[in-house]
Each structure stands twice: as C-alpha cells, then as structure tokens.
file final.csv (CSV, C-alpha atoms and all ligand atoms)
chain,number,residue,atom,x,y,z
A,159,MET,CA,45.8,93.2,226.0
A,160,LYS,CA,48.1,91.6,228.6
A,161,GLU,CA,48.8,88.8,226.2
A,162,GLN,CA,49.6,91.3,223.4
A,163,LEU,CA,52.0,93.1,225.8
A,164,SER,CA,53.8,89.9,226.7
A,165,TYR,CA,54.3,89.2,222.9
A,166,LEU,CA,55.7,92.7,222.5
A,167,ILE,CA,58.1,92.2,225.4
A,168,GLU,CA,59.3,89.0,223.9
A,169,LEU,CA,59.6,90.5,220.5
A,170,GLN,CA,61.6,93.4,221.9
A,171,LYS,CA,63.9,90.9,223.7
A,172,PHE,CA,64.6,89.0,220.5
A,173,ASP,CA,64.9,92.2,218.4
A,174,LEU,CA,67.7,93.4,220.7
A,175,ILE,CA,69.4,90.1,220.4
A,176,ILE,CA,69.2,90.3,216.6
A,177,GLY,CA,70.7,93.8,216.8
A,178,ARG,CA,73.6,92.6,218.8
A,179,ILE,CA,74.2,89.7,216.4
A,180,ILE,CA,74.1,91.9,213.4
A,181,PHE,CA,76.5,94.4,215.1
A,182,LYS,CA,78.9,91.6,215.9
A,183,LYS,CA,78.6,90.1,212.5
A,184,GLY,CA,79.6,93.4,211.0
A,185,GLU,CA,82.7,93.7,213.2
A,186,LEU,CA,84.1,90.3,212.5
A,187,PRO,CA,84.9,90.5,208.8
A,188,GLU,CA,86.7,93.8,209.5
A,189,LYS,CA,88.8,92.0,212.0
A,190,ILE,CA,89.8,89.4,209.4
A,191,VAL,CA,90.7,92.1,206.9
A,192,GLN,CA,93.0,93.7,209.5
A,193,MET,CA,94.6,90.4,210.3
A,194,ASP,CA,95.1,89.7,206.5
A,195,GLU,CA,96.8,93.1,206.2
A,196,GLY,CA,99.1,92.5,209.1
A,197,PHE,CA,100.0,89.1,207.8
A,198,ALA,CA,100.7,90.4,204.3
A,199,VAL,CA,103.1,93.0,205.7
A,200,LEU,CA,104.9,90.3,207.7
A,201,SER,CA,105.0,88.0,204.7
A,202,LYS,CA,106.5,90.8,202.5
A,203,SER,CA,109.2,91.6,205.1
A,204,VAL,CA,110.2,87.9,205.1
A,205,GLU,CA,110.4,87.9,201.3
A,206,GLU,CA,112.4,91.0,201.2
A,207,GLY,CA,114.9,89.7,203.8
A,208,LYS,CA,115.3,86.5,201.7
A,209,LYS,CA,115.8,88.5,198.5
A,210,LYS,CA,118.5,90.7,200.2
A,211,PHE,CA,120.2,87.6,201.4
A,212,GLU,CA,120.2,86.0,198.0
A,213,GLU,CA,121.6,89.2,196.5
A,214,LEU,CA,124.4,89.3,199.0
A,215,ASN,CA,125.2,85.7,198.2
A,216,LYS,CA,125.3,86.4,194.6
A,217,LEU,CA,127.6,89.4,195.1
A,218,GLN,CA,129.9,87.2,197.2
A,219,GLY,CA,130.0,84.6,194.4
A,220,GLU,CA,131.0,87.3,192.0
A,221,LYS,CA,133.8,88.4,194.2
A,222,GLU,CA,135.0,84.8,194.6
A,223,ASP,CA,135.1,84.5,190.8
A,224,LYS,CA,136.9,87.7,190.5
A,225,LEU,CA,139.5,86.5,193.1
A,226,LYS,CA,139.9,83.2,191.2
A,227,LYS,CA,140.6,85.2,188.0
A,228,GLY,CA,143.0,87.4,190.0
A,229,VAL,CA,144.9,84.4,191.3
A,230,ASP,CA,145.1,83.0,187.8
A,231,THR,CA,146.4,86.3,186.4
A,232,LEU,CA,149.0,86.3,189.2
A,233,LYS,CA,150.2,82.8,188.4
A,234,LYS,CA,150.4,83.6,184.7
A,235,THR,CA,152.3,86.8,185.4
A,236,LYS,CA,154.7,85.0,187.7
A,237,ASP,CA,155.3,82.3,185.0
A,238,ARG,CA,156.1,85.0,182.5
A,239,LEU,CA,158.7,86.3,184.9
A,240,LEU,CA,160.9,83.3,184.1
A,241,GLU,CA,161.0,84.3,180.4
A,242,VAL,CA,162.0,87.9,181.0
A,243,LYS,CA,165.3,88.8,179.5
A,244,THR,CA,166.1,92.4,180.5
A,245,ASN,CA,166.2,94.0,183.9
A,246,LYS,CA,163.8,96.7,182.8
A,247,GLU,CA,161.3,94.2,181.7
A,248,TYR,CA,161.9,92.3,185.0
A,249,GLN,CA,161.2,95.5,187.1
A,250,ALA,CA,158.0,96.2,185.0
A,251,MET,CA,156.8,92.6,185.7
A,252,LEU,CA,157.4,92.9,189.4
A,253,LYS,CA,155.4,96.1,189.4
A,254,GLU,CA,152.6,94.3,187.6
A,255,ILE,CA,152.7,91.4,190.0
A,256,GLU,CA,152.5,93.8,192.9
A,257,THR,CA,149.5,95.5,191.4
A,258,VAL,CA,147.7,92.2,190.9
A,259,GLU,CA,148.6,91.1,194.4
A,260,ASN,CA,147.2,94.3,195.9
A,261,LYS,CA,144.0,93.9,194.0
A,262,ASN,CA,143.6,90.3,195.0
A,263,SER,CA,144.2,91.1,198.7
A,264,GLU,CA,141.6,93.9,198.4
A,265,ILE,CA,139.0,91.4,197.1
A,266,GLU,CA,140.0,88.9,199.8
A,267,ASP,CA,139.2,91.5,202.5
A,268,GLU,CA,135.9,92.2,200.9
A,269,ILE,CA,135.1,88.5,200.8
A,270,ILE,CA,135.9,88.1,204.4
A,271,SER,CA,133.8,91.0,205.5
A,272,GLY,CA,131.1,89.7,203.2
A,273,LEU,CA,131.2,86.3,205.1
A,274,ASP,CA,130.3,88.1,208.3
A,275,GLN,CA,127.5,90.0,206.7
A,276,ILE,CA,126.2,86.8,205.2
A,277,ASP,CA,126.3,85.0,208.6
A,278,ASN,CA,124.4,87.8,210.2
A,279,MET,CA,121.9,88.0,207.5
A,280,ARG,CA,121.3,84.3,207.5
A,281,ALA,CA,120.6,84.4,211.2
A,282,GLU,CA,118.3,87.3,210.7
A,283,VAL,CA,116.4,85.6,207.9
A,284,ARG,CA,116.0,82.4,209.9
A,285,ALA,CA,114.7,84.3,212.9
A,286,LYS,CA,112.3,86.1,210.7
A,287,GLU,CA,111.1,82.9,209.1
A,288,LYS,CA,110.6,81.2,212.5
A,289,ASP,CA,108.6,84.2,213.8
A,290,PHE,CA,106.7,84.1,210.6
A,291,GLU,CA,105.7,80.5,211.0
A,292,THR,CA,104.6,81.0,214.6
A,293,ARG,CA,102.5,84.0,213.6
A,294,ARG,CA,101.1,82.2,210.6
A,295,SER,CA,99.8,79.4,212.7
A,296,GLN,CA,98.3,81.9,215.1
A,297,TYR,CA,96.8,83.8,212.2
A,298,GLU,CA,95.3,80.7,210.7
A,299,LYS,CA,93.9,79.5,214.1
A,300,GLU,CA,92.4,83.0,214.8
A,301,LYS,CA,90.9,83.2,211.3
A,302,GLU,CA,89.3,79.8,211.6
A,303,LYS,CA,87.9,80.8,215.0
A,304,ILE,CA,86.4,84.0,213.6
A,305,GLU,CA,84.9,82.2,210.6
A,306,LYS,CA,83.3,79.6,212.9
A,307,GLU,CA,82.0,82.5,215.0
A,308,ILE,CA,80.5,84.1,211.9
A,309,SER,CA,78.7,80.9,211.0
A,310,GLN,CA,77.4,80.5,214.5
A,311,LEU,CA,76.1,84.0,214.4
A,312,ASP,CA,74.4,83.2,211.1
A,313,ARG,CA,72.7,80.3,212.7
A,314,ASP,CA,71.7,82.3,215.8
A,315,LEU,CA,70.4,85.1,213.6
A,316,GLN,CA,68.2,82.6,211.6
A,317,ASP,CA,66.9,81.0,214.8
A,318,THR,CA,66.1,84.4,216.4
A,319,GLU,CA,64.5,85.7,213.3
A,320,LYS,CA,62.2,82.6,213.1
A,321,LYS,CA,61.1,83.4,216.7
A,322,THR,CA,60.4,87.0,215.9
A,323,ASP,CA,58.4,86.0,212.8
A,324,ALA,CA,56.3,83.7,214.9
A,325,LEU,CA,55.8,86.5,217.5
A,326,ARG,CA,54.9,89.1,214.9
A,327,LYS,CA,52.1,86.9,213.6
A,328,GLN,CA,50.6,86.9,217.1
A,329,ILE,CA,50.6,90.7,217.4
A,330,ARG,CA,47.8,92.8,216.1
A,331,ASP,CA,48.8,94.8,213.0
A,332,GLU,CA,48.3,98.3,214.3
A,333,LEU,CA,50.2,97.4,217.5
A,334,LEU,CA,53.0,95.9,215.5
A,335,LYS,CA,53.2,99.0,213.3
A,336,ARG,CA,53.3,101.2,216.4
A,337,TYR,CA,56.1,99.0,217.9
A,338,GLU,CA,58.2,99.2,214.7
A,339,THR,CA,57.7,103.0,214.5
A,340,ILE,CA,58.8,103.6,218.0
A,341,LYS,CA,61.7,101.1,217.6
A,342,GLY,CA,62.9,103.0,214.5
A,343,ARG,CA,62.8,106.4,216.4
A,344,ARG,CA,64.1,105.2,219.7
A,345,ASN,CA,67.3,103.5,219.1
A,346,GLY,CA,65.8,100.0,218.5
A,347,VAL,CA,63.9,100.0,221.9
A,348,ALA,CA,60.2,100.3,221.7
A,349,VAL,CA,59.2,98.5,224.9
A,350,ALA,CA,60.6,99.5,228.3
A,351,LEU,CA,60.2,98.3,231.8
A,352,VAL,CA,59.2,100.9,234.4
A,353,TRP,CA,60.4,100.2,237.9
A,354,LYS,CA,60.1,102.6,240.9
A,355,GLU,CA,58.5,105.2,238.7
A,356,VAL,CA,61.5,105.3,236.4
A,357,CYS,CA,61.2,104.4,232.7
A,358,GLY,CA,63.9,101.9,231.7
A,359,GLY,CA,64.0,103.4,228.2
A,360,CYS,CA,64.7,107.0,228.9
A,361,HIS,CA,65.5,106.9,232.7
A,362,MET,CA,63.1,109.6,233.4
A,363,ASN,CA,60.4,109.6,236.1
A,364,ILE,CA,56.8,108.9,235.1
A,365,PRO,CA,54.0,110.5,237.1
A,366,PRO,CA,53.1,108.6,240.3
A,367,GLN,CA,49.5,108.3,239.2
A,368,MET,CA,50.5,106.6,236.0
A,369,TYR,CA,52.8,104.3,237.9
A,370,ILE,CA,49.9,103.1,239.9
A,371,GLU,CA,47.8,102.8,236.8
A,372,LEU,CA,50.5,100.8,235.1
A,373,GLN,CA,50.5,98.2,237.9
A,374,ARG,CA,46.8,97.8,237.9
A,375,SER,CA,45.5,98.4,234.4
A,376,SER,CA,45.7,96.0,231.5
A,377,GLU,CA,45.7,98.9,229.0
A,378,LEU,CA,48.9,99.6,227.0
A,379,LEU,CA,50.5,102.8,228.3
A,380,THR,CA,53.3,104.8,226.9
A,381,CYS,CA,56.1,106.8,228.6
A,382,PRO,CA,55.1,110.5,228.5
A,383,ASN,CA,58.7,111.4,228.0
A,384,CYS,CA,60.0,108.9,225.3
A,385,ASN,CA,56.7,107.5,224.0
A,386,ARG,CA,57.9,103.9,224.5
A,387,ILE,CA,55.4,101.3,225.3
A,388,VAL,CA,55.9,100.7,229.0
A,389,TYR,CA,55.1,97.8,231.3
A,390,TRP,CA,55.6,96.9,234.9
A,391,TYR,CA,56.3,93.8,236.8
A,392,ASN,CA,57.4,93.2,240.3
A,393,GLN,CA,61.2,93.3,240.2
A,394,SER,CA,61.6,92.5,243.9
A,395,GLU,CA,59.8,89.3,243.4
A,396,LYS,CA,62.1,88.5,240.6
A,397,ASP,CA,65.2,89.2,242.7
A,398,ALA,CA,63.9,87.2,245.7
B,401,ZN,ZN,60.6,106.8,228.8

call {"tool": "encode", "arguments": {"input": "final.csv", "output": "structure tokens"}}
result
Amino acid sequence: MKEQLSYLIELQKFDLIIGRIIFKKGELPEKIVQMDEGFAVLSKSVEEGKKKFEELNKLQGEKEDKLKKGVDTLKKTKDRLLEVKTNKEYQAMLKEIETVENKNSEIEDEIISGLDQIDNMRAEVRAKEKDFETRRSQYEKEKEKIEKEISQLDRDLQDTEKKTDALRKQIRDELLKRYETIKGRRNGVAVALVWKEVCGGCHMNIPPQMYIELQRSSELLTCPNCNRIVYWYNQSEKDA
C-alpha cells in the first residue's frame, strides 16, 4: 500500500504540473492576439498619417498649378494692356489686373501656410514611422519569444504526460478511479499532505487519533473533511 501511495503522490505532483502547463498554454495565444491587435492599431495610424500627408502634398501641388496659371493670366493681361486704345478700356484692364493680382497673392499666402503645415506633418509622419519601427521590432521579438515558450510548453506537456501514463500503469485500477474522482471534485487535488494535524488540501484539522494512525499505518486514509487521500511524512526532517 505504501508503494501505491507513493505512486499516487507522484501522479498528483505531475498532474498539477500538467494543469499549470495547460493554463499557461491557454494564456499565451491570447497574449499574441492582444499584441497583434495593438500592432494593427499602430500600423493603421501610421498609414493614416501618410495618407493625410500625401493629400496635403497633392493639395499644395494643385495650388501651385493654380498660381502658375494665375501668373500666366496676369502676364497675358499686362501684354494686352499695350494694345488698349481708349482710356475706358485701359481702366477696365487695370481693374482686371488688380483682381488677378489679388487672387494670386491669396493663393501665394495659402501656399506659404501650406508649406508650414507640410513641414509639421512630415516631421510627425517621420516620428510615427520611427516609433513604429521600434515597436515592430519589439513586437516581433516578443512574439517569437512567446511562440518559443509555447513549443517548450508543448514539449514539457508531452514529457509530463508520458510520466503520468507510466505511473497510472503502476496504480491499481480502483485506486486510480478513486484518485480521478476526487481530483475532479476537489479542484484537481486528490492527494494531500497532512502536517501537524492539518490537511494540506482543505487546511482543516484532522482528529488527533487519525493523525497518529496516519503516521503509523500503511492503510490509505482520507481526510474526513475534504475526502482527499492523505499522507504524512516528517516535514522537520525534510527542512533539516
Ligand atoms: Zn482535507
């Protein structure tokens, strides 16, 4: 019976390890999803910044074309001034020239303020891109690390499962069944150490008589409170 108990203790140890591995394995892909989402948001913001910058440049180009045309018109109008014969016509032409000049200077002002805007935006886009590159390399490194961690966990899981399979073969059927049933009902812990009359599974006291029995007997005993299979070994020897 002592041997069976020691197998159960081992099995419990490995089953807890398996539980932790599975829990961790479940968390990691979620972490990658969150990272992917954060990265996609950042990437979109960089793209939007670039697009805005391109639009601003395009608008600026259109204004420059408009100004070029305005300057042409002004030149042609001034040329026509030389051919004017009457004073009335001359006054009308001057008025036209003034209008074109005003419009051109308006466009010029717009172009100048557009230049400032473009400079600012260019700096903003560059800073964003730089930040993006830094974060991308961080993201890629972190992702690689997590993926490695997942494959390590897979290997650990396989190894530990092999160990538990071997142990299960050593344990008597009805005992194994009992172990699995308690494990299922008691949060994955079916075997608990009792020390100083306290059950390590439920942290309740066990009767003193039973504590003595536990130290002497080779029978399998269960905690009267949580029904876990309990065992004892000298903890002070272990600490010493
Ligand atoms: Zn208990």

call {"tool": "residues_near_ligand", "arguments": {"input": "final.csv", "ligand": "ligand ZN 401 (chain B)", "cutoff": "6 Å", "atoms": "all atoms listed in the file", "output": "list in words"}}
result
Cys357, Gly359, Cys360, Met362, Cys381, Asn383, Cys384 and Arg386 of chain A

call {"tool": "write_last_selection", "arguments": {"input": "final.csv", "atoms": "C-alpha atoms", "output": "PDB file, in the frame of the given file"}}
result
ATOM      1  CA  CYS A 357      61.200 104.400 232.700  1.00  0.00           C
ATOM      2  CA  GLY A 359      64.000 103.400 228.200  1.00  0.00           C
ATOM      3  CA  CYS A 360      64.700 107.000 228.900  1.00  0.00           C
ATOM      4  CA  MET A 362      63.100 109.600 233.400  1.00  0.00           C
ATOM      5  CA  CYS A 381      56.100 106.800 228.600  1.00  0.00           C
ATOM      6  CA  ASN A 383      58.700 111.400 228.000  1.00  0.00           C
ATOM      7  CA  CYS A 384      60.000 108.900 225.300  1.00  0.00           C
ATOM      8  CA  ARG A 386      57.900 103.900 224.500  1.00  0.00           C
TER       9      ARG A 386
END

call {"tool": "closest_residue", "arguments": {"input": "final.csv", "among": "A:Ser164, A:Thr257, A:Asn363, A:Gln316", "to": "Gln328 (chain A)", "atoms": "all atoms listed in the file"}}
result
A:Ser164

call {"tool": "closest_residue", "arguments": {"input": "final.csv", "among": "A:Ser203, A:Tyr389, A:Leu334, A:Arg284", "to": "Val356 (chain A)", "atoms": "only C-alpha atoms"}}
result
A:Tyr389

call {"tool": "residues_around", "arguments": {"input": "final.csv", "residues": "region 259-266 of chain A", "least_positions_apart": "4", "cutoff": "12 Å", "atoms": "all atoms listed in the file", "output": "list of chain:residue names"}}
result
A:Leu217, A:Gln218, A:Gly219, A:Glu220, A:Lys221, A:Glu222, A:Asp223, A:Lys224, A:Leu225, A:Lys226, A:Lys227, A:Gly228, A:Val229, A:Asp230, A:Thr231, A:Leu232, A:Lys233, A:Thr235, A:Lys236, A:Leu252, A:Lys253, A:Glu254, A:Ile255, A:Ile270, A:Ser271, A:Gly272, A:Leu273

call {"tool": "closest_residue", "arguments": {"input": "final.csv", "among": "A:Arg343, A:Lys354, A:Lys234, A:Lys288", "to": "Pro366 (chain A)", "atoms": "only C-alpha atoms"}}
result
A:Lys354

call {"tool": "atom_distance", "arguments": {"input": "final.csv", "atom1": "CA of Ile387 (chain A)", "atom2": "CA of Leu325 (chain A)"}}
result
16.7 Å

call {"tool": "atom_distance", "arguments": {"input": "final.csv", "atom1": "CA of Ile176 (chain A)", "atom2": "CA of Gly342 (chain A)"}}
result
14.3 Å

call {"tool": "residues_around", "arguments": {"input": "final.csv", "residues": "Lys341 (chain A)", "least_positions_apart": "3", "cutoff": "12 Å", "atoms": "only C-alpha atoms", "output": "PyMOL selection string"}}
result
chain A and resi 166+169-170+173-174+177+334-338+344-350+359+384-387

call {"tool": "residues_around", "arguments": {"input": "final.csv", "residues": "Gln310 (chain A)", "least_positions_apart": "6", "cutoff": "10 Å", "atoms": "all atoms listed in the file", "output": "JSON, numbers by chain"}}
result
{"A": [179, 183, 304, 316]}

call {"tool": "atom_distance", "arguments": {"input": "final.csv", "atom1": "CA of Phe211 (chain A)", "atom2": "CA of Val283 (chain A)"}}
result
7.8 Å

call {"tool": "closest_residue", "arguments": {"input": "final.csv", "among": "A:Lys246, A:Asp312, A:Ile329, A:Met193", "to": "Lys299 (chain A)", "atoms": "all atoms listed in the file"}}
result
A:Met193
